[in-house]
Amino acid sequence: MLDEIVISDKVLQLTNKAEDQLKDIFEKLDNQCKKNSLKVLNSFKKNKVSTVHFNSTTGYGYDDIGRDTIERIFSDVLGSEDALVRNQFISGSHALTVALFAYLRPNDLLLSITGTPYDTLHEVIGIKPNNSSLASFGVKYDQIDLKNDDFDIEQIKKYLKNNKVKLIEIQRSKGYSTRKSLTIDKLEKVIKEIRSVDKDVIIMVDNCYCEFVDDKSPIEVGADIIVGSLIKNLGGGIAPNGAYIAGSKKLVDLAGERLTLPGEGREVGPTLGINKSILQGLFMAPSVVNSSLKTAILTSKLLEDLGYNVEPKFDEERADIVQNIIFNNPDDLINYCQGIQLASPIDSFSLPQPWEMPGYDDKVIMASGSFNQGSSIELSCDGPMREPFIAYQQGALTYEYGRIGVMNAVERLINNKQ
């Protein structure tokens, strides 16, 4: 299997049977892809995108018309007043950090209403001590856990009545947790309830993994600011790095001044030849997200048929492109991730092993044979080495390649159980 991908008749038959049962779901996804594609193309036309917008700036990056056009297009697609789309962001977590430091001041209160945020934000906030954290600057933090995989609206409203909260942080995707990701309908409901108590609190949504999964963005249901990564959904597997912050112009401008420096803000930031990749990635994103969703749904169906617990189920409403497989033992988690790696285009000759990854408390195994390092819109699978040993799978540039990767991982699971 290290030299060639060989799929047994058993796994092929299981896959074909699953696909027959998924035809109606896949058709709905195709229709969603068509809507999102029209939205993107209309914005390209509206903003008169030309090859001139592919040009590069260096140094300070003054007067980069390609960069400015990209930000107008992202605003259109995300339904926001403005957007900051920059290759100076190294990750989604970096963009979230820039936003938090832009909006919060000493003695301000940050409230997460989706429980503990993703691992990489623990030292940013000060949940885990760090001398550069928000806590070290006097920013206070509190959290309200979800209740039955939904917002605890009663507790949130009670908290807001008794405390002056500056910013509410909402993480839609599950991260390394066992909860469900949060749909746009749940988000719309909680935002309305928040506004009934506090009209001024900043509502910031971590939208990573969620773009183009449904019709609306969080901005269109009342969020003030949203953040996402370009090596996830909206980069389409083409953008080599970067992230975005989108929302009201005032808040976007503040984030720009924190990313660069006060007084210059968004006027600087060289694009260094990335404009074409960002534009082309966004253009391809509806199709790539569609492929990722199909791959996730096939995975859910196949692994459930094999007796594993999965979340979400294949026929559940989805909020993001992430698929959980609960293995309940370390060997299956390792073998599945290794099967994904062996069917990857890059480093297919390598077998990933659990390691102490920066920013995480537990060892993590990560399969990511991707063209862009760490890209999770390309087929990847990872998980922390802790109970209940969950694989978090996401991405697939095409459904055909995603299908092969999943079948190969299933093949490895079966072979190592015999």
# chains A, B, ... in the order shown; residues from 1 in each chain; ligands from 1
$ select_by_dssp --residues "segment 95-320 of chain A" --states "strand (DSSP E)" --output "PyMOL selection string"
chain A and resi 109-112+140-143+167-171+202-206+225-229+243-247+309-311
$ write_last_selection --atoms "C-alpha atoms" --output "mmCIF file, in the first residue's frame"
data_model
loop_
_atom_site.group_PDB
_atom_site.id
_atom_site.type_symbol
_atom_site.label_atom_id
_atom_site.label_comp_id
_atom_site.auth_asym_id
_atom_site.auth_seq_id
_atom_site.Cartn_x
_atom_site.Cartn_y
_atom_site.Cartn_z
ATOM 1 C CA LEU A 109 -15.092 41.598 29.427
ATOM 2 C CA LEU A 110 -14.874 38.917 26.737
ATOM 3 C CA LEU A 111 -17.611 36.279 26.846
ATOM 4 C CA SER A 112 -17.590 33.012 24.899
ATOM 5 C CA LYS A 140 -11.418 39.666 31.655
ATOM 6 C CA TYR A 141 -12.831 36.417 30.310
ATOM 7 C CA ASP A 142 -15.835 34.248 31.035
ATOM 8 C CA GLN A 143 -17.759 31.548 29.196
ATOM 9 C CA LEU A 167 -17.466 41.317 23.061
ATOM 10 C CA ILE A 168 -19.233 37.984 22.605
ATOM 11 C CA GLU A 169 -17.227 35.309 20.820
ATOM 12 C CA ILE A 170 -19.008 32.476 18.986
ATOM 13 C CA GLN A 171 -17.141 29.531 17.514
ATOM 14 C CA ILE A 202 -19.849 43.287 19.673
ATOM 15 C CA ILE A 203 -20.821 39.856 18.351
ATOM 16 C CA MET A 204 -17.834 38.170 16.709
ATOM 17 C CA VAL A 205 -18.141 34.810 14.956
ATOM 18 C CA ASP A 206 -15.333 32.389 14.215
ATOM 19 C CA ILE A 225 -17.726 40.716 12.630
ATOM 20 C CA ILE A 226 -16.702 37.315 11.234
ATOM 21 C CA VAL A 227 -13.306 35.731 10.821
ATOM 22 C CA GLY A 228 -12.064 32.921 8.582
ATOM 23 C CA SER A 229 -8.963 31.379 7.040
ATOM 24 C CA ALA A 243 -7.292 35.041 6.302
ATOM 25 C CA TYR A 244 -10.121 37.564 6.412
ATOM 26 C CA ILE A 245 -11.988 39.723 8.908
ATOM 27 C CA ALA A 246 -15.331 41.018 7.617
ATOM 28 C CA GLY A 247 -18.114 43.130 9.068
ATOM 29 C CA ASN A 309 -20.154 6.279 15.829
ATOM 30 C CA VAL A 310 -20.041 9.385 13.628
ATOM 31 C CA GLU A 311 -21.048 13.028 13.984
#
$ select_by_dssp --residues "segment 124-207 of chain A" --states "alpha helix (DSSP H)" --output "MDAnalysis selection string"
chainID A and resid 124:125 153:162 184:197
$ write_last_selection --atoms "C-alpha atoms" --output "PDB file, in the first residue's frame"
ATOM      1  CA  VAL A 124      -4.272  34.209  23.406  1.00  0.00           C
ATOM      2  CA  ILE A 125      -7.096  34.702  25.902  1.00  0.00           C
ATOM      3  CA  ILE A 153     -30.211  31.442  25.695  1.00  0.00           C
ATOM      4  CA  GLU A 154     -31.720  31.815  29.161  1.00  0.00           C
ATOM      5  CA  GLN A 155     -28.283  31.832  30.796  1.00  0.00           C
ATOM      6  CA  ILE A 156     -26.839  34.181  28.142  1.00  0.00           C
ATOM      7  CA  LYS A 157     -29.594  36.762  28.630  1.00  0.00           C
ATOM      8  CA  LYS A 158     -29.290  36.542  32.408  1.00  0.00           C
ATOM      9  CA  TYR A 159     -25.525  37.065  32.196  1.00  0.00           C
ATOM     10  CA  LEU A 160     -25.867  40.076  29.879  1.00  0.00           C
ATOM     11  CA  LYS A 161     -28.369  41.730  32.223  1.00  0.00           C
ATOM     12  CA  ASN A 162     -25.950  41.423  35.151  1.00  0.00           C
ATOM     13  CA  ILE A 184     -26.873  29.495  10.753  1.00  0.00           C
ATOM     14  CA  ASP A 185     -30.469  29.134  12.052  1.00  0.00           C
ATOM     15  CA  LYS A 186     -29.248  28.615  15.631  1.00  0.00           C
ATOM     16  CA  LEU A 187     -26.908  31.561  15.213  1.00  0.00           C
ATOM     17  CA  GLU A 188     -29.678  33.833  13.948  1.00  0.00           C
ATOM     18  CA  LYS A 189     -31.886  32.917  16.898  1.00  0.00           C
ATOM     19  CA  VAL A 190     -29.273  33.621  19.574  1.00  0.00           C
ATOM     20  CA  ILE A 191     -28.218  36.932  17.982  1.00  0.00           C
ATOM     21  CA  LYS A 192     -31.826  38.168  18.100  1.00  0.00           C
ATOM     22  CA  GLU A 193     -32.027  37.230  21.775  1.00  0.00           C
ATOM     23  CA  ILE A 194     -28.722  38.949  22.545  1.00  0.00           C
ATOM     24  CA  ARG A 195     -29.874  42.141  20.825  1.00  0.00           C
ATOM     25  CA  SER A 196     -33.062  42.152  22.898  1.00  0.00           C
ATOM     26  CA  VAL A 197     -30.850  42.658  25.968  1.00  0.00           C
TER      27      VAL A 197
END
$ residues_around --residues "segment 296-308 of chain A" --least-positions-apart "3" --cutoff "9 Å" --atoms "only C-alpha atoms" --output "ChimeraX atom specification"
/A:14-15,18-19,22,25-26,291-293,311-315,321-327,393-396,402-403,406-407,410
$ atom_distance --atom1 "atom CA of Pro262 of chain A" --atom2 "atom CA of Pro240 of chain A"
27.2 Å
$ closest_residue --among "A:Pro286, A:Gly175, A:Gly256, A:Gly269" --to "Val77 of chain A" --atoms "only C-alpha atoms"
A:Pro286
$ closest_residue --among "A:Thr271, A:Asn131, A:Tyr103, A:Leu38" --to "Phe89 of chain A" --atoms "only C-alpha atoms"
A:Thr271
$ residues_around --residues "segment 344-361 of chain A" --least-positions-apart "2" --cutoff "9 Å" --atoms "only C-alpha atoms" --output "PyMOL selection string"
chain A and resi 2-3+119-123+334+337-342+363-371+379-380+383-385+401+405
$ residues_around --residues "Asp215 of chain A" --least-positions-apart "6" --cutoff "12 Å" --atoms "only C-alpha atoms" --output "ChimeraX atom specification"
/A:29,31-39,77-79,183-185,221,286,319
$ closest_residue --among "A:Ile219, A:Asp20, A:Leu234, A:Leu104" --to "Leu279 of chain A" --atoms "only C-alpha atoms"
A:Leu234
$ atom_distance --atom1 "atom CA of Ser80 of chain A" --atom2 "atom CA of Pro106 of chain A"
28.1 Å
